Each structure stands twice: as C-alpha cells, then as structure tokens.
file start-v3.cif (mmCIF, C-alpha atoms and all ligand atoms; chains and numbers go by the auth columns)
data_entry
loop_
_atom_site.group_PDB
_atom_site.id
_atom_site.type_symbol
_atom_site.label_atom_id
_atom_site.label_comp_id
_atom_site.label_asym_id
_atom_site.label_seq_id
_atom_site.Cartn_x
_atom_site.Cartn_y
_atom_site.Cartn_z
_atom_site.B_iso_or_equiv
_atom_site.auth_seq_id
_atom_site.auth_asym_id
ATOM 1 C CA MET A 1 67.387 78.533 191.302 0.00 1 A
ATOM 2 C CA LYS A 2 65.298 81.277 189.776 0.00 2 A
ATOM 3 C CA THR A 3 68.354 83.524 189.609 0.00 3 A
ATOM 4 C CA LEU A 4 70.353 80.826 187.902 0.00 4 A
ATOM 5 C CA PHE A 5 67.604 80.340 185.358 0.00 5 A
ATOM 6 C CA LEU A 6 67.442 84.058 184.625 0.00 6 A
ATOM 7 C CA SER A 7 71.223 84.304 184.263 0.00 7 A
ATOM 8 C CA LEU A 8 71.178 81.441 181.812 0.00 8 A
ATOM 9 C CA ILE A 9 68.535 83.172 179.736 0.00 9 A
ATOM 10 C CA ALA A 10 70.542 86.396 179.835 0.00 10 A
ATOM 11 C CA LEU A 11 73.639 84.506 178.763 0.00 11 A
ATOM 12 C CA LEU A 12 71.856 82.854 175.864 0.00 12 A
ATOM 13 C CA LEU A 13 70.443 86.149 174.675 0.00 13 A
ATOM 14 C CA ASN A 14 73.704 88.031 174.969 0.00 14 A
ATOM 15 C CA ALA A 15 76.512 85.621 174.286 0.00 15 A
ATOM 16 C CA ASP A 16 76.634 86.020 170.537 0.00 16 A
ATOM 17 C CA SER A 17 75.424 89.554 170.054 0.00 17 A
ATOM 18 C CA ALA A 18 77.641 92.045 168.269 0.00 18 A
ATOM 19 C CA TYR A 19 77.476 94.196 171.386 0.00 19 A
ATOM 20 C CA GLU A 20 78.893 91.438 173.590 0.00 20 A
ATOM 21 C CA LYS A 21 81.581 90.558 171.069 0.00 21 A
ATOM 22 C CA GLY A 22 82.510 94.213 170.780 0.00 22 A
ATOM 23 C CA LYS A 23 82.751 94.445 174.551 0.00 23 A
ATOM 24 C CA GLU A 24 85.090 91.442 174.680 0.00 24 A
ATOM 25 C CA LEU A 25 87.265 92.978 171.966 0.00 25 A
ATOM 26 C CA TYR A 26 87.329 96.326 173.728 0.00 26 A
ATOM 27 C CA ILE A 27 88.633 94.660 176.889 0.00 27 A
ATOM 28 C CA LYS A 28 90.907 92.119 175.193 0.00 28 A
ATOM 29 C CA ASN A 29 92.636 94.757 173.060 0.00 29 A
ATOM 30 C CA GLY A 30 93.187 97.132 175.947 0.00 30 A
ATOM 31 C CA CYS A 31 91.132 99.963 174.446 0.00 31 A
ATOM 32 C CA TYR A 32 90.021 100.904 177.968 0.00 32 A
ATOM 33 C CA GLY A 33 93.630 101.810 178.789 0.00 33 A
ATOM 34 C CA CYS A 34 93.222 105.063 176.884 0.00 34 A
ATOM 35 C CA HIS A 35 89.514 105.481 176.181 0.00 35 A
ATOM 36 C CA GLY A 36 88.392 104.393 179.664 0.00 36 A
ATOM 37 C CA THR A 37 86.390 101.483 181.047 0.00 37 A
ATOM 38 C CA LYS A 38 83.214 103.494 180.514 0.00 38 A
ATOM 39 C CA LEU A 39 84.312 104.705 177.071 0.00 39 A
ATOM 40 C CA GLU A 40 84.448 108.136 178.651 0.00 40 A
ATOM 41 C CA GLY A 41 87.837 109.185 177.296 0.00 41 A
ATOM 42 C CA LEU A 42 90.560 110.976 179.179 0.00 42 A
ATOM 43 C CA HIS A 43 92.430 114.139 178.275 0.00 43 A
ATOM 44 C CA ARG A 44 93.531 113.743 174.649 0.00 44 A
ATOM 45 C CA TYR A 45 91.898 110.330 174.269 0.00 45 A
ATOM 46 C CA PRO A 46 88.436 110.871 172.804 0.00 46 A
ATOM 47 C CA TYR A 47 85.320 109.453 174.473 0.00 47 A
ATOM 48 C CA LEU A 48 83.684 106.719 172.388 0.00 48 A
ATOM 49 C CA ALA A 49 80.376 106.057 174.140 0.00 49 A
ATOM 50 C CA ASN A 50 77.335 106.422 171.888 0.00 50 A
ATOM 51 C CA ARG A 51 79.276 107.898 168.989 0.00 51 A
ATOM 52 C CA ALA A 52 77.970 107.418 165.438 0.00 52 A
ATOM 53 C CA LYS A 53 78.596 103.866 164.308 0.00 53 A
ATOM 54 C CA GLY A 54 79.542 104.794 160.748 0.00 54 A
ATOM 55 C CA TYR A 55 82.118 107.283 161.945 0.00 55 A
ATOM 56 C CA MET A 56 83.659 104.848 164.429 0.00 56 A
ATOM 57 C CA LYS A 57 84.009 102.255 161.656 0.00 57 A
ATOM 58 C CA TYR A 58 85.448 104.817 159.263 0.00 58 A
ATOM 59 C CA LYS A 59 88.085 105.852 161.789 0.00 59 A
ATOM 60 C CA LEU A 60 89.071 102.298 162.743 0.00 60 A
ATOM 61 C CA GLU A 61 89.344 101.281 159.088 0.00 61 A
ATOM 62 C CA ARG A 62 91.566 104.274 158.424 0.00 62 A
ATOM 63 C CA PHE A 63 93.813 103.477 161.379 0.00 63 A
ATOM 64 C CA ARG A 64 93.956 99.859 160.240 0.00 64 A
ATOM 65 C CA SER A 65 95.193 101.062 156.831 0.00 65 A
ATOM 66 C CA ARG A 66 97.859 102.979 158.772 0.00 66 A
ATOM 67 C CA LEU A 67 96.313 106.303 157.844 0.00 67 A
ATOM 68 C CA SER A 68 96.273 109.091 160.373 0.00 68 A
ATOM 69 C CA ASP A 69 95.822 112.837 160.132 0.00 69 A
ATOM 70 C CA ASN A 70 98.334 113.757 162.777 0.00 70 A
ATOM 71 C CA GLN A 71 100.936 112.389 165.120 0.00 71 A
ATOM 72 C CA GLN A 72 98.436 112.021 167.914 0.00 72 A
ATOM 73 C CA GLN A 73 96.301 109.626 165.884 0.00 73 A
ATOM 74 C CA GLU A 74 99.313 107.461 165.005 0.00 74 A
ATOM 75 C CA MET A 75 98.998 106.045 168.487 0.00 75 A
ATOM 76 C CA MET A 76 95.854 104.228 167.327 0.00 76 A
ATOM 77 C CA ILE A 77 97.497 102.370 164.452 0.00 77 A
ATOM 78 C CA PRO A 78 99.019 99.464 166.420 0.00 78 A
ATOM 79 C CA PHE A 79 95.643 98.878 168.093 0.00 79 A
ATOM 80 C CA ALA A 80 93.758 98.776 164.794 0.00 80 A
ATOM 81 C CA VAL A 81 96.052 96.804 162.460 0.00 81 A
ATOM 82 C CA GLY A 82 95.059 93.442 163.924 0.00 82 A
ATOM 83 C CA LEU A 83 91.298 93.969 163.669 0.00 83 A
ATOM 84 C CA SER A 84 89.148 92.100 161.145 0.00 84 A
ATOM 85 C CA ASP A 85 86.144 93.658 159.393 0.00 85 A
ATOM 86 C CA GLU A 86 83.946 91.752 161.800 0.00 86 A
ATOM 87 C CA ASP A 87 85.925 93.019 164.802 0.00 87 A
ATOM 88 C CA ILE A 88 85.482 96.606 163.611 0.00 88 A
ATOM 89 C CA GLU A 89 81.763 96.073 163.082 0.00 89 A
ATOM 90 C CA ASN A 90 81.356 94.571 166.563 0.00 90 A
ATOM 91 C CA LEU A 91 83.432 97.285 168.226 0.00 91 A
ATOM 92 C CA ALA A 92 81.422 99.974 166.414 0.00 92 A
ATOM 93 C CA VAL A 93 78.162 98.429 167.648 0.00 93 A
ATOM 94 C CA TYR A 94 79.517 98.293 171.191 0.00 94 A
ATOM 95 C CA MET A 95 80.673 101.918 171.132 0.00 95 A
ATOM 96 C CA ASN A 96 77.477 103.161 169.508 0.00 96 A
ATOM 97 C CA GLU A 97 75.074 101.285 171.779 0.00 97 A
ATOM 98 C CA TYR A 98 77.140 101.488 174.950 0.00 98 A
ATOM 99 C CA VAL A 99 75.247 101.455 178.227 0.00 99 A
ATOM 100 C CA GLU A 100 77.055 101.604 181.534 0.00 100 A
ATOM 101 C CA ASP A 101 77.685 98.147 182.931 0.00 101 A
ATOM 102 C CA THR A 102 77.087 97.746 186.641 0.00 102 A
ATOM 103 C CA ASN A 103 78.840 94.391 186.804 0.00 103 A
ATOM 104 C CA LYS A 104 81.798 95.356 188.984 0.00 104 A
ATOM 105 C CA GLU A 105 83.654 92.123 188.312 0.00 105 A
ATOM 106 C CA ARG A 106 84.034 92.922 184.652 0.00 106 A
ATOM 107 C CA TYR A 107 84.422 96.654 184.952 0.00 107 A
ATOM 108 C CA ASP A 108 86.816 97.288 187.751 0.00 108 A
ATOM 109 C CA ASP A 109 87.509 101.008 188.075 0.00 109 A
ATOM 110 C CA SER A 110 91.055 100.302 189.205 0.00 110 A
ATOM 111 C CA TYR A 111 91.917 99.664 185.558 0.00 111 A
ATOM 112 C CA GLN A 112 91.246 103.277 184.817 0.00 112 A
ATOM 113 C CA VAL A 113 94.234 105.314 183.756 0.00 113 A
ATOM 114 C CA HIS A 114 94.924 108.343 185.881 0.00 114 A
ATOM 115 C CA GLY A 115 97.152 111.261 185.049 0.00 115 A
ATOM 116 C CA ASP A 116 98.103 112.349 181.574 0.00 116 A
ATOM 117 C CA GLY A 117 100.546 109.619 180.627 0.00 117 A
ATOM 118 C CA GLY A 118 103.537 111.631 181.706 0.00 118 A
ATOM 119 C CA SER A 119 103.697 114.247 178.985 0.00 119 A
HETATM 120 C C1 LIG B . 97.518 104.081 173.574 0.00 201 B
HETATM 121 C C2 LIG B . 96.222 104.732 173.703 0.00 201 B
HETATM 122 C C3 LIG B . 95.065 104.193 172.886 0.00 201 B
HETATM 123 C C4 LIG B . 94.571 102.914 172.863 0.00 201 B
HETATM 124 C C5 LIG B . 95.034 101.704 173.657 0.00 201 B
HETATM 125 C C6 LIG B . 93.436 102.934 171.960 0.00 201 B
HETATM 126 N N1 LIG B . 93.249 104.195 171.481 0.00 201 B
HETATM 127 FE FE1 LIG B . 91.759 104.780 170.215 0.00 201 B
HETATM 128 N N2 LIG B . 92.586 106.653 170.107 0.00 201 B
HETATM 129 C C7 LIG B . 93.731 107.060 170.757 0.00 201 B
HETATM 130 C C8 LIG B . 94.123 108.362 170.256 0.00 201 B
HETATM 131 C C9 LIG B . 95.318 109.181 170.716 0.00 201 B
HETATM 132 C C10 LIG B . 93.160 108.725 169.276 0.00 201 B
HETATM 133 C C11 LIG B . 93.137 109.973 168.377 0.00 201 B
HETATM 134 C C12 LIG B . 92.686 111.195 169.056 0.00 201 B
HETATM 135 C C13 LIG B . 92.709 112.355 168.079 0.00 201 B
HETATM 136 O O1 LIG B . 92.129 112.249 166.989 0.00 201 B
HETATM 137 O O2 LIG B . 93.305 113.354 168.428 0.00 201 B
HETATM 138 C C14 LIG B . 92.198 107.625 169.220 0.00 201 B
HETATM 139 C C15 LIG B . 91.093 107.613 168.396 0.00 201 B
HETATM 140 C C16 LIG B . 90.159 106.587 168.338 0.00 201 B
HETATM 141 C C17 LIG B . 88.950 106.618 167.558 0.00 201 B
HETATM 142 C C18 LIG B . 88.451 107.789 166.728 0.00 201 B
HETATM 143 C C19 LIG B . 87.725 108.755 167.619 0.00 201 B
HETATM 144 C C20 LIG B . 87.530 110.108 166.995 0.00 201 B
HETATM 145 O O3 LIG B . 86.884 110.931 167.673 0.00 201 B
HETATM 146 O O4 LIG B . 88.007 110.368 165.901 0.00 201 B
HETATM 147 C C21 LIG B . 88.322 105.422 167.744 0.00 201 B
HETATM 148 C C22 LIG B . 87.009 104.962 167.141 0.00 201 B
HETATM 149 C C23 LIG B . 89.145 104.646 168.646 0.00 201 B
HETATM 150 N N3 LIG B . 90.256 105.388 168.991 0.00 201 B
HETATM 151 C C24 LIG B . 88.844 103.364 169.081 0.00 201 B
HETATM 152 C C25 LIG B . 89.734 102.561 169.785 0.00 201 B
HETATM 153 C C26 LIG B . 89.545 101.141 169.984 0.00 201 B
HETATM 154 C C27 LIG B . 88.331 100.355 169.523 0.00 201 B
HETATM 155 C C28 LIG B . 90.635 100.691 170.666 0.00 201 B
HETATM 156 C C29 LIG B . 90.983 99.254 171.019 0.00 201 B
HETATM 157 C C30 LIG B . 91.066 98.330 169.886 0.00 201 B
HETATM 158 C C31 LIG B . 91.487 101.851 170.927 0.00 201 B
HETATM 159 N N4 LIG B . 90.915 102.952 170.362 0.00 201 B
HETATM 160 C C32 LIG B . 92.676 101.817 171.641 0.00 201 B
HETATM 161 C C33 LIG B . 94.406 106.339 171.728 0.00 201 B
HETATM 162 C C34 LIG B . 94.242 104.988 171.992 0.00 201 B
#
call {"tool": "encode", "arguments": {"input": "start-v3.cif", "output": "structure tokens"}}
result
Amino acid sequence: MKTLFLSLIALLLNADSAYEKGKELYIKNGCYGCHGTKLEGLHRYPYLANRAKGYMKYKLERFRSRLSDNQQQEMMIPFAVGLSDEDIENLAVYMNEYVEDTNKERYDDSYQVHGDGGS
C-alpha cells in the first residue's frame, strides 16, 4: 500500500514535466535507435546526454528547417521535420537533464543498436 502511494505521488510529480514528455518523445520517435537508450551515442551518432540545452534546440530547429552542414547530418532531417516547438523544448530538457533510468521495463538494453549500421 505504501509503495502504491509513493508511486502515485511520483506519477503526479512527473507525468507532466518537460523531462517526462521529452523522454516519451525520445522513445516514440526512435531517437534511441541511433543515439542510444542512455543517450550515449554510438560511432558516428553523437551522444546527447547532458549536452547544452540551447545547442540541442538550435540543432533540432536547423534539422527541422532541413538545414544540415554535411551529408551525415542529413540523416537527422526526417526525424526532426515532424517536431513542434514544444517537442523540441521538451526533448532539449530531457537531453540536458538526463539521468540514467534504472527502470528496466522502459529501458530495455536489447533495443540498443550494435555494429556500425553496415557501412
Ligand atoms: C538514423 C539515425 C538517427 C536517428 C534515429 C536520430 N538521429 Fe540525431 N543525429 C544523427 C546523426 C547522423 C547526427 C549528426 C552527427 C554529425 O553531426 O556528424 C545527429 C545529430 C543530432 C543532434 C545534434 C548533435 C550535435 O552534436 O550536433 C541532436 C540534438 C540529435 N541528433 C537529436 C536527435 C533526436 C532528438 C532524435 C529523435 C527525434 C534523433 N536525433 C534521431 C542520427 C540520428
């Protein structure tokens, strides 16, 4: 009973935070497929954990406007075009404030991409 009560409190506190919304977006949009479930990056995919919020927003807004500096970055465009200003804000908060989640149900390591994508 006590556990249930505490989970409810946690849920109430977290449900609407930008961090939680950003986390949902990160999972829903498949960002983890390249940047990792722990935002740790992999090979040519940059890590995103605890990066400057302003810079993360700047980059996502650029990708959304279909702007990229090189062919490598073009890969990001399809994942950014559908994002709203609010989505970008929430994602930037999530990336900036990221702390490792120990909830194994949500963050299953088997989703992690291994190898270099075949190049
Ligand atoms: C198909 C693989 C792929 C997916 C999926 C993907 N990204 Fe990326 N992302 C990249 C690549 C490649 C770059 C550019 C790396 C470079 O600059 O060389 C990048 C760059 C970024 C950058 C800029 C980082 C920097 O250091 O300049 C941000 C922020 C970012 N991605 C966030 C996201 C978010 C948020 C999502 C989900 C909505 C996402 N990415 C989905 C591959 C991906």
call {"tool": "residues_around", "arguments": {"input": "start-v3.cif", "residues": "range 88-98 of chain A", "least_positions_apart": "3", "cutoff": "6 Å", "atoms": "only C-alpha atoms", "output": "ChimeraX atom specification"}}
result
/A:18-19,22,48-53,56-57,85
call {"tool": "axis_aligned_box", "arguments": {"input": "start-v3.cif", "around": "ligand LIG 201 (chain B)", "padding_each_side": "3 Å", "output": "lines of an AutoDock Vina configuration file"}}
result
center_x = 92.2
center_y = 105.8
center_z = 169.8
size_x = 16.6
size_y = 21.0
size_z = 13.8
call {"tool": "resolve_selection", "arguments": {"input": "start-v3.cif", "expression": "the PyMOL selection byres (((not hetatm)) within 7 of (chain B and resi 201))", "output": "list in words"}}
result
Leu25, Tyr26, Asn29, Gly30, Cys31, Tyr32, Gly33, Cys34, His35, Arg44, Tyr45, Pro46, Leu48, Met56, Lys57, Lys59, Leu60, Gln72, Gln73, Met75, Met76, Phe79, Ala80 and Leu91 of chain A
call {"tool": "atom_distance", "arguments": {"input": "start-v3.cif", "atom1": "CA of Glu40 in chain A", "atom2": "CA of Val99 in chain A"}}
result
11.4 Å
call {"tool": "atom_distance", "arguments": {"input": "start-v3.cif", "atom1": "CA of Val81 in chain A", "atom2": "CA of Asp69 in chain A"}}
result
16.2 Å
call {"tool": "closest_residue", "arguments": {"input": "start-v3.cif", "among": "A:Gly54, A:Thr102, A:Lys2, A:Leu39", "to": "Ile27 in chain A", "atoms": "all atoms listed in the file"}}
result
A:Leu39
call {"tool": "atom_distance", "arguments": {"input": "start-v3.cif", "atom1": "CA of Glu20 in chain A", "atom2": "CA of Lys38 in chain A"}}
result
14.6 Å
call {"tool": "residues_around", "arguments": {"input": "start-v3.cif", "residues": "Pro78 in chain A", "least_positions_apart": "5", "cutoff": "10 Å", "atoms": "all atoms listed in the file", "output": "list in words"}}
result
Phe63, Arg64, Arg66 and Leu83 of chain A
